[in-house]
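What follows is a set of notes on a single structure, which appears directly below.
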Amino acid sequence: MSTPEKLLQMVIAVAVFFAVVAAILLLTQRLRSRRGELVQSAAFILPALLLICLGLLYPAIKTIYLSFTTGAINHTRFAGFDNYKTIFTTKTYITVLENTAMWVVLTPIIATAIGLVYAVLIDRSSFERIAKALVFLPMAISLVGASIIWKFVYDPNIGLLNAITGKLGLGSDHTWYASLESHPWNNVWLIIILIWVQTGFAMTVLSAAIKAIPADIVEAARLDGVGAFQMFRHITVPSIRPTLIVVLTTITIATLKAFDIIQTIAAGGAYHTSVLAYEFYFQQFKSANTGLASALAVLIFVLVTPIVVYNVRQMRRAR
Amino acid sequence: MTVTTEKLAAEPDPTNIPSVASDAHKRLSSPWASLAAAIIAIVWTVPTAGLLISSFRPQYDVKTTGWWEFFVHPHLTISNYQAVLQGSSGESATNLGSFLVNSIVIVIPAVIIPIFLATMAAYGFAWTRFWGRDFIFVMVFALQIVPIQVTVIPLLRLFVHPPLGLPAISGNDALAGGLYSLWLAHAMFGLPLAIFLLHNFMTQIPGELIESARVDGAGHVQIFTRIILPLMTPAIAAFGILQFLWVWNDLFVAMVFAGHDNAPITKALSDLTGDRGQEWPLLSAGAFVSMVIPMIVFLSLQRFFVRGLLAGSVKG
């Protein structure tokens with residue numbers, strides 16, 4: 001399709017969408033009886049509900065079923081827990097699980113810690129706005145863009161990092177993430193990319209929470225002669241604890257689903273850097289291994305669920 | 001007017017309010033704290049700046065020397081951008097321009113459709129009454145936990161082989177080149193959070209406003225279009241910018257549902273990085289071509305973005 005054709009398709013799609021919605025609403029609005037109220041409720045809710053059932057509910061159930069099967073999608077055979085057994089007993093997949101654990105532990109903790117320290121340091125300083133914008137901006141950058149930015153930093157020949165280590169006398173021929181010898185620590189160079197993106201989120205949300213700490217608590221502590229570090233440890237951190245948990249869990253969920261960084265600069269899970277979300281894609285769309293891919297997806301689901309439930313409870317409590 | 005001034009006078013001088021923050025401000029005058037903040041700011045800025053500078057350096061310079069050499073040999077060119085956008089420089093042509101158009105074509109309906117449907121559904125859940133309403137709402141909210149990976153295998157199959165003789169919207173000979181599969185997928189994945197957030201804002205609208213409109217004989221549709229939509233504009237903007245950034249920056253949905261012809265710029269760039277990972281003149285310019293539009297949206301609507309972020313940091 002040419003550019004004008006694509007733009008035309010877009011305009012048609014939006015126009016058709018609004019025409020259908022308008023037709024549904026106009027047809028039902030004249031009904032005023034008790035049953036009419038029900039029809040009107042349906043007119044408002046059903047379009048969204050239909051898409052959710054079709055796009056989330058049905059596929060989720062089907063994927064859970066597929067995770068217990070083997071073979072191509074049209075000719076599946078029931079296989080019990082075989083796919084799960086494979087994941088937990090094959091060396092390749094154990095490495096994937098280990099890598100995922102490393103991502104999930106390091107990313108939320110470091111991103112939140114840096115975001116918190118930075119938020120406290122720049123709070124109410126004269127350059128707060130600009131200082132925030134600098135750390136915040138990576139949030140607008142796609143993970144693909146962030147991966148390219150950091151691949152450039154890690155470049156063996158013209159990258160900044162090798163230039164710095166060279167100047168410091170630590171050698172200038174490191175390959176960073178692209179090194180099998182340093183596995184599993186080569187993961188860290190990829191994890192840094194996600195930390196770099198997520199810190200802005202942590203900083204923004206935590207900064208809002210810090211500003212909401214009641215002034216009298218702080219004043220009382222100061223009158224008691226509490227020092228700066230003590231203030232941070234005994235006043236700031238406990239006061240924003242619910243927000244800290246929301247930030248930590250939100251980044252954890254994002255980390256479990258991170259796929260873009262590996263796909264962009266370590267495609268194929270090169271250098272043993274694959275994680276669950278990437279391995280899912282690889283098994284399904286590169287190896288046509290539907291049963292195993294489904295099991296990997298269900299595994300992400302199982303890991304995400306308790307975190308989301310906990311997160312929602314915390315948010316409810318914080319309100 | 002007098003009321004306002006009195007209020008202002010009654011408030012304490014903001015510079016005297018003691019807080020954790022002003023305490024931190026004092027600490028910032030200590031050199032170590034300033035140093036720490038400066039280091040963080042530098043680490044978060046320099047990688048992007050380095051790539052930005054490289055994107056304007058001549059090809060030979062980029063490939064042979066580090067970007068900081070620019071300050072010694074300042075040569076500037078826009079030829080890298082010409083190469084990635086038009087594919088004019090022969091061998092290293094990429095034509096990212098057409099993928100940029102794809103991103104725009106994908107993102108506009110993928111933001112408008114879920115937001116409008118979600119606003120309608122949120123209204124239905126908040127201000128119409130029917131049996132099982134709260135149960136269905138909790139179900140919709142709970143579906144946020146479904147990770148996207150769990151849905152794509154059956155969904156793709158559904159799009160390629162739809163039931164009831166409907167036309168295929170993905171795969172070869174798909175309707176509109178497969179664009180519908182991208183729009184629908186993004187709409188489906190965005191809906192639960194959108195409904196939840198907008199419902200939160202919607203329930204804050206005073207009930208008397210809607211009741212009195214009903215008494216005056218207004219139907220749901222009139223209330224929705226005349227009262228709700230105008231009042232909801234800030235909330236819609238807040239969610240709209242979140243959805244915009246998700247869709248624009250998405251790679252996963254694109255890898256699964258997009259073909260080559262309708263791929264967004266993120267997929268094109270990711271492929272380019274895999275195929276020609278050392279072509280830094282192209283990659284650097286390409287990365288910034290993909291970043292310009294979200295950066296503009298982000299910086300100009302930052303206020304709404306922060307509000308949306310604070311309200312809905314639990315996307316499943």
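Each chain in the structure tokens gets a letter, A, B, ..., in the order shown, and its residues are numbered from 1; ligands are numbered from 1 in order too.
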I'd like the neighbourhood of Leu54 in chain A as a VMD selection string, where a residue qualifies if any of its atoms comes within 10 Å (using only C-alpha atoms), though same-chain residues fewer than 3 positions away should be ignored. (chain A and resid 48 to 51 57 to 60) or (chain B and resid 151 154 to 155 158 188)
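Distances from A:Leu143, A:Ile149, A:Ile235, A:Ala277 to Leu296 in chain A were compared using only C-alpha atoms, and the smallest one belongs to A:Ala277.
Backbone DSSP over range 26-223 of chain A yields strand (DSSP E or B) at A:Thr69, A:Thr70, A:Arg77, A:Phe78.
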Selection to disk with N, CA and C atoms, as an mmCIF file, in the first residue's frame:
```
data_model
loop_
_atom_site.group_PDB
_atom_site.id
_atom_site.type_symbol
_atom_site.label_atom_id
_atom_site.label_comp_id
_atom_site.auth_asym_id
_atom_site.auth_seq_id
_atom_site.Cartn_x
_atom_site.Cartn_y
_atom_site.Cartn_z
ATOM 1 N N THR A 69 -0.434 -29.096 25.865
ATOM 2 C CA THR A 69 -0.460 -29.890 24.641
ATOM 3 C C THR A 69 0.889 -29.818 23.940
ATOM 4 N N THR A 70 1.030 -30.654 22.937
ATOM 5 C CA THR A 70 2.234 -30.590 22.116
ATOM 6 C C THR A 70 1.821 -30.737 20.656
ATOM 7 N N ARG A 77 -1.787 -32.601 20.644
ATOM 8 C CA ARG A 77 -2.005 -33.789 21.450
ATOM 9 C C ARG A 77 -1.869 -33.373 22.904
ATOM 10 N N PHE A 78 -2.683 -33.969 23.788
ATOM 11 C CA PHE A 78 -2.576 -33.639 25.200
ATOM 12 C C PHE A 78 -1.257 -34.183 25.736
#
```
Tell me which protein, DNA and RNA residues are within 7 Å of Ile213 in chain A, counting only C-alpha atoms, leaving out same-chain ones fewer than 3 positions away, and put them as a PDB file with C-alpha atoms, in the first residue's frame.
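Result saved to selection23.pdb:
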```pdb
ATOM      1  CA  ALA A 209       4.824  11.182  47.427  1.00  0.00           C
ATOM      2  CA  ILE A 210       7.710  13.010  49.143  1.00  0.00           C
ATOM      3  CA  SER A 239       6.111   7.915  55.121  1.00  0.00           C
TER       4      SER A 239
END
```
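Straight-line separation from CA of Gly115 in chain A to CA of Asp216 in chain A: 24.9 Å.
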Contacts of range 275-285 of chain B at 7 Å (only C-alpha atoms; same-chain gap of 2+ positions) as a PDB file with N, CA and C atoms, in the first residue's frame:
```
ATOM      1  N   LEU B  51      24.562   9.756  21.097  1.00  0.00           N
ATOM      2  CA  LEU B  51      23.956   9.233  19.876  1.00  0.00           C
ATOM      3  C   LEU B  51      23.418  10.378  19.017  1.00  0.00           C
ATOM      4  N   LEU B  52      22.868  11.409  19.682  1.00  0.00           N
ATOM      5  CA  LEU B  52      22.339  12.558  18.936  1.00  0.00           C
ATOM      6  C   LEU B  52      23.453  13.256  18.157  1.00  0.00           C
ATOM      7  N   SER B  54      26.269  11.917  17.195  1.00  0.00           N
ATOM      8  CA  SER B  54      26.707  11.018  16.126  1.00  0.00           C
ATOM      9  C   SER B  54      25.804  11.090  14.909  1.00  0.00           C
ATOM     10  N   SER B  55      24.492  11.261  15.161  1.00  0.00           N
ATOM     11  CA  SER B  55      23.570  11.240  14.035  1.00  0.00           C
ATOM     12  C   SER B  55      23.808  12.409  13.087  1.00  0.00           C
ATOM     13  N   GLN B  59      29.489  10.095   7.905  1.00  0.00           N
ATOM     14  CA  GLN B  59      29.589   8.640   8.061  1.00  0.00           C
ATOM     15  C   GLN B  59      30.976   8.168   8.487  1.00  0.00           C
ATOM     16  N   VAL B  62      31.806   8.939  12.138  1.00  0.00           N
ATOM     17  CA  VAL B  62      31.054   8.136  13.103  1.00  0.00           C
ATOM     18  C   VAL B  62      31.662   6.747  13.233  1.00  0.00           C
ATOM     19  N   LYS B  63      32.043   6.165  12.081  1.00  0.00           N
ATOM     20  CA  LYS B  63      32.489   4.772  12.103  1.00  0.00           C
ATOM     21  C   LYS B  63      33.903   4.605  12.644  1.00  0.00           C
ATOM     22  N   ASN B  80      22.955  11.654   7.119  1.00  0.00           N
ATOM     23  CA  ASN B  80      22.466  10.429   7.748  1.00  0.00           C
ATOM     24  C   ASN B  80      20.943  10.413   7.778  1.00  0.00           C
ATOM     25  N   TYR B  81      20.365  11.580   8.078  1.00  0.00           N
ATOM     26  CA  TYR B  81      18.907  11.665   8.135  1.00  0.00           C
ATOM     27  C   TYR B  81      18.307  11.498   6.741  1.00  0.00           C
ATOM     28  N   VAL B  84      18.382   7.707   5.978  1.00  0.00           N
ATOM     29  CA  VAL B  84      17.379   6.839   6.611  1.00  0.00           C
ATOM     30  C   VAL B  84      15.966   7.185   6.168  1.00  0.00           C
ATOM     31  N   ASP B 271      14.817  -4.411  13.499  1.00  0.00           N
ATOM     32  CA  ASP B 271      15.349  -5.262  12.433  1.00  0.00           C
ATOM     33  C   ASP B 271      16.667  -4.710  11.902  1.00  0.00           C
ATOM     34  N   LEU B 272      16.701  -3.382  11.729  1.00  0.00           N
ATOM     35  CA  LEU B 272      17.910  -2.729  11.215  1.00  0.00           C
ATOM     36  C   LEU B 272      19.083  -2.955  12.170  1.00  0.00           C
ATOM     37  N   THR B 273      18.794  -2.895  13.482  1.00  0.00           N
ATOM     38  CA  THR B 273      19.850  -3.114  14.479  1.00  0.00           C
ATOM     39  C   THR B 273      20.370  -4.541  14.405  1.00  0.00           C
ATOM     40  N   ALA B 287      17.195   6.152  15.095  1.00  0.00           N
ATOM     41  CA  ALA B 287      16.685   6.188  16.459  1.00  0.00           C
ATOM     42  C   ALA B 287      16.031   7.544  16.744  1.00  0.00           C
ATOM     43  N   PHE B 288      16.669   8.622  16.295  1.00  0.00           N
ATOM     44  CA  PHE B 288      16.093   9.928  16.600  1.00  0.00           C
ATOM     45  C   PHE B 288      14.868  10.246  15.761  1.00  0.00           C
ATOM     46  N   VAL B 289      14.823   9.713  14.535  1.00  0.00           N
ATOM     47  CA  VAL B 289      13.599   9.874  13.750  1.00  0.00           C
ATOM     48  C   VAL B 289      12.423   9.256  14.505  1.00  0.00           C
TER      49      VAL B 289
END
```
Set the distance at 9 Å and use only C-alpha atoms: which residues neighbour Ser98 in chain B once local chain neighbours fewer than 6 positions away are removed? I'd like the list as a ChimeraX atom specification. /A:2-3 /B:85-86,262,264-265
Keeping N, CA and C atoms, export the residues of the selection given above as a PDB file, in the first residue's frame.
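Dumped to part16.pdb:
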```pdb
ATOM      1  N   SER A   2       0.430   2.257  -0.699  1.00  0.00           N
ATOM      2  CA  SER A   2       1.155   3.526  -0.691  1.00  0.00           C
ATOM      3  C   SER A   2       0.728   4.350   0.517  1.00  0.00           C
ATOM      4  N   THR A   3       1.483   5.417   0.762  1.00  0.00           N
ATOM      5  CA  THR A   3       1.163   6.261   1.910  1.00  0.00           C
ATOM      6  C   THR A   3      -0.262   6.820   1.872  1.00  0.00           C
TER       7      THR A   3
ATOM      8  N   LEU B  85      15.713   8.465   5.873  1.00  0.00           N
ATOM      9  CA  LEU B  85      14.337   8.844   5.551  1.00  0.00           C
ATOM     10  C   LEU B  85      13.963   8.512   4.118  1.00  0.00           C
ATOM     11  N   GLN B  86      14.847   8.870   3.185  1.00  0.00           N
ATOM     12  CA  GLN B  86      14.478   8.679   1.777  1.00  0.00           C
ATOM     13  C   GLN B  86      15.156   7.470   1.175  1.00  0.00           C
ATOM     14  N   ASN B 262       3.244  -3.035   6.771  1.00  0.00           N
ATOM     15  CA  ASN B 262       2.581  -2.126   7.704  1.00  0.00           C
ATOM     16  C   ASN B 262       3.314  -2.047   9.042  1.00  0.00           C
ATOM     17  N   PRO B 264       5.500  -0.778  12.109  1.00  0.00           N
ATOM     18  CA  PRO B 264       5.827   0.547  12.644  1.00  0.00           C
ATOM     19  C   PRO B 264       7.334   0.748  12.702  1.00  0.00           C
ATOM     20  N   ILE B 265       7.749   1.957  13.018  1.00  0.00           N
ATOM     21  CA  ILE B 265       9.175   2.294  12.956  1.00  0.00           C
ATOM     22  C   ILE B 265       9.988   1.538  14.008  1.00  0.00           C
TER      23      ILE B 265
END
```
Using only C-alpha atoms, which of B:Gln222, B:Thr77, B:Gln82, B:Asn249 sits nearest chain A? B:Asn249
Please, which residues of range 198-299 of chain A, numbered as in this document, come out alpha helix (DSSP H) from DSSP, as a CSV table (one decimal) with C-alpha atoms, in the first residue's frame?
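Contents of the output file states01.csv:
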```csv
chain,number,residue,atom,x,y,z
A,198,GLN,CA,12.4,2.9,34.6
A,199,THR,CA,14.2,5.2,37.0
A,200,GLY,CA,12.3,8.2,35.6
A,201,PHE,CA,9.0,6.6,36.5
A,202,ALA,CA,10.2,5.8,40.0
A,203,MET,CA,11.6,9.3,40.5
A,204,THR,CA,8.3,11.0,39.3
A,205,VAL,CA,6.0,9.0,41.4
A,206,LEU,CA,8.2,9.0,44.5
A,207,SER,CA,8.8,12.8,44.2
A,208,ALA,CA,5.0,13.4,44.3
A,209,ALA,CA,4.8,11.2,47.4
A,210,ILE,CA,7.7,13.0,49.1
A,211,LYS,CA,6.0,16.3,48.6
A,215,ALA,CA,5.2,19.3,57.2
A,216,ASP,CA,4.5,18.9,61.0
A,217,ILE,CA,6.1,15.5,61.1
A,218,VAL,CA,9.2,16.8,59.6
A,219,GLU,CA,9.3,19.9,61.8
A,220,ALA,CA,8.8,17.7,64.9
A,221,ALA,CA,11.7,15.5,63.9
A,222,ARG,CA,13.9,18.5,63.2
A,223,LEU,CA,13.2,19.9,66.7
A,228,ALA,CA,19.7,14.5,57.4
A,229,PHE,CA,20.4,10.8,56.9
A,230,GLN,CA,18.3,9.9,59.9
A,231,MET,CA,15.5,12.0,58.5
A,237,VAL,CA,11.1,6.2,53.7
A,238,PRO,CA,8.4,5.1,56.2
A,239,SER,CA,6.1,7.9,55.1
A,241,ARG,CA,6.3,3.2,52.0
A,242,PRO,CA,3.0,2.4,50.2
A,243,THR,CA,4.1,4.4,47.2
A,244,LEU,CA,7.5,2.6,47.3
A,245,ILE,CA,5.8,-0.7,47.1
A,246,VAL,CA,3.6,0.3,44.2
A,247,VAL,CA,6.6,1.6,42.3
A,248,LEU,CA,8.6,-1.6,43.0
A,249,THR,CA,5.8,-3.9,42.0
A,250,THR,CA,5.0,-1.9,38.9
A,251,ILE,CA,8.6,-2.1,37.7
A,252,THR,CA,8.7,-5.8,38.5
A,253,ILE,CA,5.7,-6.4,36.3
A,254,ALA,CA,7.2,-4.4,33.4
A,255,THR,CA,10.5,-6.3,33.9
A,256,LEU,CA,8.8,-9.7,33.7
A,260,ASP,CA,12.3,-5.4,23.4
A,261,ILE,CA,15.8,-5.1,24.6
A,262,ILE,CA,16.8,-8.7,23.9
A,263,GLN,CA,15.0,-8.7,20.6
A,264,THR,CA,16.8,-5.5,19.5
A,265,ILE,CA,20.4,-6.1,20.6
A,276,LEU,CA,11.0,-15.6,29.7
A,277,ALA,CA,9.2,-12.9,27.7
A,278,TYR,CA,11.7,-13.2,24.9
A,279,GLU,CA,11.9,-17.0,25.0
A,280,PHE,CA,8.1,-17.1,24.5
A,281,TYR,CA,8.4,-15.1,21.3
A,290,THR,CA,3.3,-23.7,20.5
A,291,GLY,CA,3.0,-25.9,23.5
A,292,LEU,CA,6.2,-24.9,25.1
A,293,ALA,CA,5.6,-21.2,24.2
A,294,SER,CA,2.2,-21.4,25.8
A,295,ALA,CA,3.7,-22.9,29.0
A,296,LEU,CA,6.3,-20.0,29.1
A,297,ALA,CA,3.5,-17.5,28.7
A,298,VAL,CA,1.4,-19.1,31.5
A,299,LEU,CA,4.6,-19.0,33.6
```
Quick one: everything within 12 Å of Thr45 in chain B, counting only C-alpha atoms, minus sequence neighbours fewer than 3 positions away in the same chain. Send it as a ChimeraX atom specification. /A:130-138,146,149-150,196-197,200 /B:38-42,48-52
Output file for the selection above: N, CA and C atoms, as a PDB file, in the first residue's frame:
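Result written to out.pdb:
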```
ATOM      1  N   ILE A 130      14.387  21.124  35.592  1.00  0.00           N
ATOM      2  CA  ILE A 130      15.278  20.648  34.534  1.00  0.00           C
ATOM      3  C   ILE A 130      15.925  19.320  34.953  1.00  0.00           C
ATOM      4  N   ALA A 131      16.272  19.212  36.249  1.00  0.00           N
ATOM      5  CA  ALA A 131      16.900  17.982  36.731  1.00  0.00           C
ATOM      6  C   ALA A 131      15.945  16.801  36.587  1.00  0.00           C
ATOM      7  N   LYS A 132      14.658  17.050  36.845  1.00  0.00           N
ATOM      8  CA  LYS A 132      13.668  15.994  36.685  1.00  0.00           C
ATOM      9  C   LYS A 132      13.512  15.607  35.222  1.00  0.00           C
ATOM     10  N   ALA A 133      13.428  16.628  34.377  1.00  0.00           N
ATOM     11  CA  ALA A 133      13.209  16.362  32.953  1.00  0.00           C
ATOM     12  C   ALA A 133      14.317  15.477  32.380  1.00  0.00           C
ATOM     13  N   LEU A 134      15.551  15.686  32.838  1.00  0.00           N
ATOM     14  CA  LEU A 134      16.678  14.915  32.307  1.00  0.00           C
ATOM     15  C   LEU A 134      16.511  13.421  32.572  1.00  0.00           C
ATOM     16  N   VAL A 135      16.077  13.077  33.780  1.00  0.00           N
ATOM     17  CA  VAL A 135      15.935  11.670  34.138  1.00  0.00           C
ATOM     18  C   VAL A 135      14.602  11.107  33.637  1.00  0.00           C
ATOM     19  N   PHE A 136      13.645  11.994  33.464  1.00  0.00           N
ATOM     20  CA  PHE A 136      12.302  11.617  33.062  1.00  0.00           C
ATOM     21  C   PHE A 136      12.226  11.276  31.571  1.00  0.00           C
ATOM     22  N   LEU A 137      13.050  11.957  30.787  1.00  0.00           N
ATOM     23  CA  LEU A 137      12.937  11.884  29.336  1.00  0.00           C
ATOM     24  C   LEU A 137      13.048  10.463  28.765  1.00  0.00           C
ATOM     25  N   PRO A 138      13.929   9.605  29.299  1.00  0.00           N
ATOM     26  CA  PRO A 138      13.996   8.248  28.737  1.00  0.00           C
ATOM     27  C   PRO A 138      12.649   7.538  28.724  1.00  0.00           C
ATOM     28  N   ALA A 146      16.071   3.022  23.322  1.00  0.00           N
ATOM     29  CA  ALA A 146      16.991   2.946  24.459  1.00  0.00           C
ATOM     30  C   ALA A 146      18.054   1.878  24.209  1.00  0.00           C
ATOM     31  N   ILE A 149      20.613   3.323  21.897  1.00  0.00           N
ATOM     32  CA  ILE A 149      21.436   4.306  22.614  1.00  0.00           C
ATOM     33  C   ILE A 149      22.522   3.596  23.419  1.00  0.00           C
ATOM     34  N   TRP A 150      22.151   2.515  24.107  1.00  0.00           N
ATOM     35  CA  TRP A 150      23.125   1.830  24.962  1.00  0.00           C
ATOM     36  C   TRP A 150      24.028   0.890  24.182  1.00  0.00           C
ATOM     37  N   TRP A 196      17.735   2.263  33.361  1.00  0.00           N
ATOM     38  CA  TRP A 196      17.859   3.637  32.831  1.00  0.00           C
ATOM     39  C   TRP A 196      16.489   4.184  32.421  1.00  0.00           C
ATOM     40  N   VAL A 197      15.650   3.311  31.837  1.00  0.00           N
ATOM     41  CA  VAL A 197      14.321   3.761  31.406  1.00  0.00           C
ATOM     42  C   VAL A 197      13.371   3.901  32.595  1.00  0.00           C
ATOM     43  N   GLY A 200      13.126   7.012  35.720  1.00  0.00           N
ATOM     44  CA  GLY A 200      12.325   8.223  35.578  1.00  0.00           C
ATOM     45  C   GLY A 200      10.929   8.042  36.148  1.00  0.00           C
TER      46      GLY A 200
ATOM     47  N   ALA B  38      24.534  15.238  40.382  1.00  0.00           N
ATOM     48  CA  ALA B  38      25.119  15.577  39.082  1.00  0.00           C
ATOM     49  C   ALA B  38      25.510  14.315  38.318  1.00  0.00           C
ATOM     50  N   ILE B  39      26.071  13.329  39.038  1.00  0.00           N
ATOM     51  CA  ILE B  39      26.484  12.084  38.365  1.00  0.00           C
ATOM     52  C   ILE B  39      25.269  11.370  37.772  1.00  0.00           C
ATOM     53  N   ILE B  40      24.195  11.289  38.573  1.00  0.00           N
ATOM     54  CA  ILE B  40      22.987  10.632  38.060  1.00  0.00           C
ATOM     55  C   ILE B  40      22.490  11.366  36.814  1.00  0.00           C
ATOM     56  N   ALA B  41      22.424  12.692  36.911  1.00  0.00           N
ATOM     57  CA  ALA B  41      21.922  13.473  35.774  1.00  0.00           C
ATOM     58  C   ALA B  41      22.792  13.244  34.535  1.00  0.00           C
ATOM     59  N   ILE B  42      24.113  13.159  34.735  1.00  0.00           N
ATOM     60  CA  ILE B  42      25.018  12.963  33.589  1.00  0.00           C
ATOM     61  C   ILE B  42      24.830  11.578  32.973  1.00  0.00           C
ATOM     62  N   THR B  48      22.260   9.484  25.486  1.00  0.00           N
ATOM     63  CA  THR B  48      21.384  10.028  24.448  1.00  0.00           C
ATOM     64  C   THR B  48      22.098  11.131  23.669  1.00  0.00           C
ATOM     65  N   ALA B  49      22.799  11.997  24.398  1.00  0.00           N
ATOM     66  CA  ALA B  49      23.499  13.101  23.738  1.00  0.00           C
ATOM     67  C   ALA B  49      24.546  12.576  22.765  1.00  0.00           C
ATOM     68  N   GLY B  50      25.257  11.513  23.184  1.00  0.00           N
ATOM     69  CA  GLY B  50      26.280  10.935  22.319  1.00  0.00           C
ATOM     70  C   GLY B  50      25.707  10.442  21.009  1.00  0.00           C
ATOM     71  N   LEU B  51      24.562   9.756  21.097  1.00  0.00           N
ATOM     72  CA  LEU B  51      23.956   9.233  19.876  1.00  0.00           C
ATOM     73  C   LEU B  51      23.418  10.378  19.017  1.00  0.00           C
ATOM     74  N   LEU B  52      22.868  11.409  19.682  1.00  0.00           N
ATOM     75  CA  LEU B  52      22.339  12.558  18.936  1.00  0.00           C
ATOM     76  C   LEU B  52      23.453  13.256  18.157  1.00  0.00           C
TER      77      LEU B  52
END
```
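Of the listed residues (B:Ile210, B:Met291, B:Ile296, B:Met139), B:Met291 comes nearest to chain A; the distances count only C-alpha atoms.
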